[in-house]
$ cat entry.cif   # mmCIF, C-alpha atoms
data_data
#
loop_
_atom_site.label_atom_id
_atom_site.label_comp_id
_atom_site.auth_asym_id
_atom_site.auth_seq_id
_atom_site.Cartn_x
_atom_site.Cartn_y
_atom_site.Cartn_z
CA MET A 79 87.09 100.37 127.34
CA VAL A 80 89.87 98.50 125.57
CA TYR A 81 91.91 96.26 127.84
CA VAL A 82 95.42 95.26 126.74
CA LEU A 83 96.70 92.27 128.70
CA LEU A 84 100.35 92.46 129.73
CA ALA A 85 102.26 89.59 131.31
CA ASP A 86 106.00 89.29 131.86
CA GLY A 87 107.61 88.41 128.53
CA PHE A 88 105.05 90.28 126.37
CA GLU A 89 106.16 91.65 122.99
CA GLU A 90 106.59 95.36 123.68
CA ALA A 91 106.07 96.64 120.13
CA GLU A 92 102.82 94.73 119.72
CA ALA A 93 101.42 96.05 122.99
CA LEU A 94 102.68 99.61 123.05
CA VAL A 95 102.10 100.52 119.40
CA THR A 96 98.55 99.20 119.74
CA VAL A 97 97.94 101.24 122.91
CA ASP A 98 99.43 104.34 121.27
CA VAL A 99 97.41 104.08 118.05
CA LEU A 100 94.16 103.43 119.89
CA ARG A 101 94.70 106.33 122.30
CA ARG A 102 95.60 108.66 119.41
CA GLY A 103 92.27 107.65 117.91
CA GLY A 104 90.34 108.57 121.03
CA CYS A 105 89.80 105.12 122.52
CA GLN A 106 89.86 104.57 126.24
CA VAL A 107 92.61 102.02 126.79
CA ALA A 108 93.86 100.41 129.99
CA THR A 109 96.91 98.21 130.24
CA VAL A 110 96.20 95.24 132.46
CA GLY A 111 98.93 93.65 134.56
CA VAL A 112 98.49 89.90 134.56
CA THR A 113 101.73 89.18 136.42
CA GLY A 114 101.92 92.41 138.46
CA ALA A 115 101.86 96.21 138.11
CA PRO A 116 105.34 96.61 136.73
CA VAL A 117 105.44 94.21 133.79
CA THR A 118 108.67 93.48 131.93
CA GLY A 119 108.52 92.65 128.26
CA ALA A 120 110.53 90.20 126.20
CA HIS A 121 113.19 92.86 125.49
CA ASN A 122 113.55 94.08 129.08
CA ILE A 123 111.31 97.14 128.76
CA THR A 124 109.31 97.56 131.95
CA VAL A 125 105.83 99.09 131.84
CA MET A 126 103.62 100.13 134.75
CA ALA A 127 100.22 98.56 134.09
CA ASP A 128 97.16 100.75 134.64
CA LEU A 129 95.34 98.10 136.66
CA PRO A 130 95.57 94.48 137.79
CA VAL A 131 93.63 91.79 135.93
CA ARG A 132 91.26 91.36 138.90
CA ASP A 133 90.02 94.96 138.33
CA VAL A 134 88.90 94.50 134.72
CA ASN A 135 85.30 95.64 134.41
CA LEU A 136 83.73 93.07 132.12
CA ASP A 137 80.60 95.19 131.68
CA ALA A 138 82.64 98.14 130.36
CA MET A 139 84.71 96.08 127.94
CA ASP A 140 84.60 96.98 124.23
CA MET A 141 87.70 94.98 123.30
CA VAL A 142 90.41 92.85 124.82
CA VAL A 143 93.82 92.81 123.13
CA VAL A 144 96.44 90.13 123.72
CA PRO A 145 99.96 90.86 122.48
CA GLY A 146 102.38 88.07 121.71
CA GLY A 147 105.75 87.26 123.16
CA LEU A 148 106.15 83.65 124.24
CA GLY A 149 106.82 84.51 127.87
CA GLY A 150 103.72 86.68 128.03
CA VAL A 151 101.60 84.11 126.24
CA ASN A 152 102.71 81.37 128.65
CA ALA A 153 102.03 83.61 131.65
CA ILE A 154 98.52 84.39 130.36
CA LEU A 155 97.90 80.68 129.83
CA ASP A 156 98.89 80.18 133.48
CA SER A 157 96.46 82.88 134.68
CA ALA A 158 92.89 81.75 135.27
CA ALA A 159 91.86 85.41 135.69
CA ALA A 160 93.36 86.47 132.35
CA LEU A 161 91.84 83.50 130.53
CA ALA A 162 88.47 84.33 132.09
CA VAL A 163 88.67 87.91 130.75
CA ILE A 164 89.39 86.62 127.23
CA GLN A 165 86.66 83.98 127.43
CA LYS A 166 84.09 86.45 128.78
CA ALA A 167 84.93 88.95 126.04
CA ALA A 168 84.23 86.29 123.43
CA GLU A 169 81.03 85.23 125.19
CA TYR A 170 79.82 88.84 125.53
CA GLY A 171 80.42 89.43 121.82
CA VAL A 172 82.96 92.21 122.25
CA TYR A 173 86.07 92.36 120.11
CA VAL A 174 88.86 89.93 120.93
CA ALA A 175 92.19 90.72 119.28
CA ALA A 176 95.45 88.77 119.45
CA ILE A 177 98.72 89.10 117.59
CA CYS A 178 101.82 86.96 116.95
CA ALA A 179 101.89 84.01 119.37
CA ALA A 180 98.76 85.18 121.22
CA PRO A 181 96.22 83.74 118.74
CA THR A 182 97.30 80.33 120.08
CA ILE A 183 95.60 81.33 123.34
CA LEU A 184 92.37 81.94 121.44
CA ALA A 185 92.80 78.58 119.74
CA ARG A 186 93.21 76.82 123.12
CA LEU A 187 90.04 78.51 124.35
CA ALA A 188 88.19 77.25 121.21
CA ILE A 189 87.46 80.86 120.17
CA LEU A 190 89.09 80.27 116.77
CA ASP A 191 87.47 76.92 116.00
CA ARG A 192 86.94 76.73 112.23
CA ARG A 193 87.48 80.49 111.89
CA PRO A 194 90.00 82.24 109.64
CA ALA A 195 92.97 83.59 111.60
CA VAL A 196 96.66 84.34 111.37
CA CYS A 197 99.53 83.80 113.79
CA TYR A 198 103.30 84.00 113.98
CA PRO A 199 104.74 81.89 111.13
CA GLY A 200 105.75 78.49 112.43
CA MET A 201 103.05 78.35 115.12
CA GLU A 202 100.30 77.08 112.83
CA ASP A 203 100.34 73.65 114.50
CA GLU A 204 99.20 75.32 117.73
CA MET A 205 96.13 76.89 116.12
CA GLY A 206 93.77 73.95 116.56
CA SER A 207 90.98 73.91 114.00
CA ALA A 208 91.47 77.57 113.00
CA VAL A 209 91.77 78.15 109.27
CA VAL A 210 95.20 79.80 109.19
CA GLN A 211 95.61 82.47 106.51
CA LYS A 212 99.36 82.28 105.84
CA GLY A 213 100.94 85.50 104.60
CA LYS A 214 98.17 87.82 105.79
CA LYS A 215 99.11 90.61 108.19
CA VAL A 216 95.68 90.88 109.82
CA VAL A 217 92.55 88.75 109.67
CA VAL A 218 89.15 89.98 110.84
CA ASP A 219 86.36 87.45 111.31
CA GLY A 220 83.36 89.07 112.92
CA ARG A 221 84.52 90.28 116.31
CA ILE A 222 87.76 88.26 116.29
CA VAL A 223 90.92 89.96 115.01
CA THR A 224 94.30 88.28 114.66
CA GLY A 225 97.64 89.70 113.59
CA GLU A 226 100.73 88.00 112.24
CA ALA A 227 103.68 89.47 114.17
CA ALA A 228 105.45 92.60 115.41
CA GLY A 229 106.07 93.65 111.80
CA SER A 230 102.29 93.80 111.31
CA VAL A 231 101.52 95.84 114.40
CA PHE A 232 100.60 99.12 112.68
CA ASP A 233 98.20 97.30 110.36
CA PHE A 234 96.81 95.44 113.37
CA ALA A 235 96.38 98.55 115.53
CA LEU A 236 94.86 100.63 112.73
CA THR A 237 92.42 97.81 111.97
CA LEU A 238 91.37 97.76 115.63
CA LEU A 239 90.93 101.53 115.57
CA GLU A 240 88.83 101.33 112.42
CA LEU A 241 86.58 98.71 114.02
CA LEU A 242 86.09 100.83 117.14
CA LYS A 243 86.00 104.37 115.72
CA GLY A 244 85.42 103.99 112.00
CA PRO A 245 87.51 104.36 108.84
CA GLU A 246 87.67 108.17 109.00
CA LYS A 247 89.30 108.18 112.45
CA ALA A 248 91.69 105.37 111.44
CA GLY A 249 92.59 107.38 108.34
CA GLU A 250 93.27 110.48 110.44
CA VAL A 251 95.64 108.57 112.70
CA ARG A 252 97.28 106.82 109.73
CA HIS A 253 97.93 110.24 108.19
CA ALA A 254 99.12 111.80 111.47
CA ILE A 255 101.74 109.09 112.01
CA HIS A 256 102.66 109.06 108.29
CA TYR A 257 101.94 105.36 107.93
CA ARG A 258 101.81 104.28 104.32
CA LEU A 259 100.52 100.98 103.06
#
$ encode --input "entry.cif" --output "structure tokens"
Amino acid sequence: MVYVLLADGFEEAEALVTVDVLRRGGCQVATVGVTGAPVTGAHNITVMADLPVRDVNLDAMDMVVVPGGLGGVNAILDSAAALAVIQKAAEYGVYVAAICAAPTILARLAILDRRPAVCYPGMEDEMGSAVVQKGKKVVVDGRIVTGEAAGSVFDFALTLLELLKGPEKAGEVRHAIHYRL
């Protein structure tokens, strides 16, 4: 199961494109409401989360995805339950993916210590000891995946799909949505 954490103020494109691409590729994906069941994004798009954060099944987790959006990032930082899901994912060795401002959460949890990563340009000072790869759209380091920003979301989502389902499935979805590199 892929869990996508949603908190009020999340970046809609980063969350919803990722959910869409992964579901097109055959992944089981659940949106997780950190701040409630209806969750309103940074651009006033409201989404009904599939389940509350307290119902995340850590034993069934293949990946946790954290979209950016400063409001959403701050709300996740204020949620002990959401931080525990991210921390447990890293401890269990499942994929942990974050995009835009969200890699700063991973940095605060020491998940990115001395690891290559990318974040929203201008937030590098909040990345702790991570080795920021400026100008990259997506950085994969073992089971940690970071993405630069909303403009990188298709690259980010297709990378996640490739990691979970293989390059052939990612290629099929890339072709079906007519995404060109």
$ resolve_selection --input "entry.cif" --expression "the PyMOL selection byres ((chain A and resi 184-190) around 7)" --output "ChimeraX atom specification"
/A:181-183,191-193,205-206,208
$ closest_residue --input "entry.cif" --among "A:Leu84, A:Val143, A:Asp219, A:Ala175" --to "Val117 of chain A" --atoms "all atoms listed in the file"
A:Leu84
$ closest_residue --input "entry.cif" --among "A:Glu90, A:Asp128, A:Asp137, A:Asp233" --to "Thr109 of chain A" --atoms "only C-alpha atoms"
A:Asp128
$ residues_near_point --input "entry.cif" --point "(100.4, 84.9, 112.9)" --cutoff "7 Å" --atoms "all atoms listed in the file" --output "PyMOL selection string"
chain A and resi 177-179+196-199+225-227
$ closest_residue --input "entry.cif" --among "A:Ile123, A:Val110, A:Ala168, A:Phe232" --to "His256 of chain A" --atoms "all atoms listed in the file"
A:Phe232
$ atom_distance --input "entry.cif" --atom1 "atom CA of Gly87 of chain A" --atom2 "atom CA of Pro194 of chain A"
26.6 Å
$ atom_distance --input "entry.cif" --atom1 "atom CA of Leu94 of chain A" --atom2 "atom CA of Ala180 of chain A"
15.1 Å
$ resolve_selection --input "entry.cif" --expression "the PyMOL selection byres ((chain A and resi 125) around 12)" --output "PyMOL selection string"
chain A and resi 83-91+93-94+109-111+113-124+126-129
$ atom_distance --input "entry.cif" --atom1 "atom CA of Tyr257 of chain A" --atom2 "atom CA of Met139 of chain A"
28.0 Å
$ closest_residue --input "entry.cif" --among "A:Leu136, A:Leu161, A:Val217, A:Val82" --to "Val95 of chain A" --atoms "all atoms listed in the file"
A:Val82
$ residues_around --input "entry.cif" --residues "Met79 of chain A" --least-positions-apart "2" --cutoff "7 Å" --atoms "all atoms listed in the file" --output "JSON, numbers by chain"
{"A": [81, 106, 107, 138, 139, 140, 141]}
$ resolve_selection --input "entry.cif" --expression "the PyMOL selection byres ((chain A and resi 250) around 12)" --output "number ranges by chain"
A: 99-100, 102-104, 236, 239-240, 243-249, 251-257
$ closest_residue --input "entry.cif" --among "A:Ile154, A:Leu238, A:Met201, A:Val231" --to "Val218 of chain A" --atoms "all atoms listed in the file"
A:Leu238
$ closest_residue --input "entry.cif" --among "A:Val209, A:Val80, A:Ala108, A:Ala195" --to "Val223 of chain A" --atoms "only C-alpha atoms"
A:Ala195
$ residues_around --input "entry.cif" --residues "Ala162 of chain A" --least-positions-apart "2" --cutoff "12 Å" --atoms "all atoms listed in the file" --output "ChimeraX atom specification"
/A:83,112,131-132,134-136,142,154-160,164-170,183-184,187
$ build_atoms --input "entry.cif" --residues "segment 229-257 of chain A" --atoms "N, CA and C atoms" --output "tab-separated table (two decimals), keeping the file's coordinate frame"
chain	number	residue	atom	x	y	z
A	229	GLY	N	105.97	92.91	113.05
A	229	GLY	CA	106.07	93.65	111.80
A	229	GLY	C	104.72	94.06	111.23
A	230	SER	N	103.66	93.50	111.76
A	230	SER	CA	102.29	93.80	111.31
A	230	SER	C	101.55	94.70	112.28
A	231	VAL	N	102.24	95.19	113.31
A	231	VAL	CA	101.52	95.84	114.40
A	231	VAL	C	100.80	97.12	113.99
A	232	PHE	N	101.33	97.92	113.08
A	232	PHE	CA	100.60	99.12	112.68
A	232	PHE	C	99.33	98.76	111.93
A	233	ASP	N	99.40	97.76	111.06
A	233	ASP	CA	98.20	97.30	110.36
A	233	ASP	C	97.17	96.77	111.36
A	234	PHE	N	97.65	96.01	112.33
A	234	PHE	CA	96.81	95.44	113.37
A	234	PHE	C	96.13	96.55	114.18
A	235	ALA	N	96.91	97.48	114.69
A	235	ALA	CA	96.38	98.55	115.53
A	235	ALA	C	95.41	99.45	114.76
A	236	LEU	N	95.75	99.79	113.53
A	236	LEU	CA	94.86	100.63	112.73
A	236	LEU	C	93.57	99.91	112.39
A	237	THR	N	93.63	98.60	112.19
A	237	THR	CA	92.42	97.81	111.97
A	237	THR	C	91.53	97.86	113.21
A	238	LEU	N	92.14	97.70	114.39
A	238	LEU	CA	91.37	97.76	115.63
A	238	LEU	C	90.72	99.13	115.78
A	239	LEU	N	91.47	100.18	115.48
A	239	LEU	CA	90.93	101.53	115.57
A	239	LEU	C	89.76	101.71	114.61
A	240	GLU	N	89.91	101.22	113.40
A	240	GLU	CA	88.83	101.33	112.42
A	240	GLU	C	87.57	100.62	112.91
A	241	LEU	N	87.74	99.45	113.50
A	241	LEU	CA	86.58	98.71	114.02
A	241	LEU	C	85.88	99.47	115.15
A	242	LEU	N	86.67	100.13	115.98
A	242	LEU	CA	86.09	100.83	117.14
A	242	LEU	C	85.59	102.23	116.83
A	243	LYS	N	86.30	102.95	115.95
A	243	LYS	CA	86.00	104.37	115.72
A	243	LYS	C	85.67	104.72	114.28
A	244	GLY	N	85.77	103.74	113.39
A	244	GLY	CA	85.42	103.99	112.00
A	244	GLY	C	86.61	104.29	111.11
A	245	PRO	N	86.41	104.17	109.79
A	245	PRO	CA	87.51	104.36	108.84
A	245	PRO	C	88.05	105.78	108.80
A	246	GLU	N	87.20	106.78	109.04
A	246	GLU	CA	87.67	108.17	109.00
A	246	GLU	C	88.69	108.41	110.11
A	247	LYS	N	88.39	107.98	111.33
A	247	LYS	CA	89.30	108.18	112.45
A	247	LYS	C	90.59	107.40	112.21
A	248	ALA	N	90.49	106.15	111.73
A	248	ALA	CA	91.69	105.37	111.44
A	248	ALA	C	92.53	106.06	110.37
A	249	GLY	N	91.88	106.64	109.38
A	249	GLY	CA	92.59	107.38	108.34
A	249	GLY	C	93.29	108.61	108.89
A	250	GLU	N	92.65	109.31	109.81
A	250	GLU	CA	93.27	110.48	110.44
A	250	GLU	C	94.55	110.09	111.18
A	251	VAL	N	94.46	109.01	111.94
A	251	VAL	CA	95.64	108.57	112.70
A	251	VAL	C	96.71	108.06	111.74
A	252	ARG	N	96.32	107.31	110.73
A	252	ARG	CA	97.28	106.82	109.73
A	252	ARG	C	98.04	108.00	109.11
A	253	HIS	N	97.31	109.06	108.78
A	253	HIS	CA	97.93	110.24	108.19
A	253	HIS	C	98.83	110.94	109.21
A	254	ALA	N	98.35	111.08	110.44
A	254	ALA	CA	99.12	111.80	111.47
A	254	ALA	C	100.45	111.12	111.79
A	255	ILE	N	100.48	109.80	111.71
A	255	ILE	CA	101.74	109.09	112.01
A	255	ILE	C	102.53	108.80	110.74
A	256	HIS	N	102.01	109.24	109.59
A	256	HIS	CA	102.66	109.06	108.29
A	256	HIS	C	102.88	107.58	107.96
A	257	TYR	N	101.87	106.78	108.27
A	257	TYR	CA	101.94	105.36	107.93
A	257	TYR	C	101.41	105.17	106.53
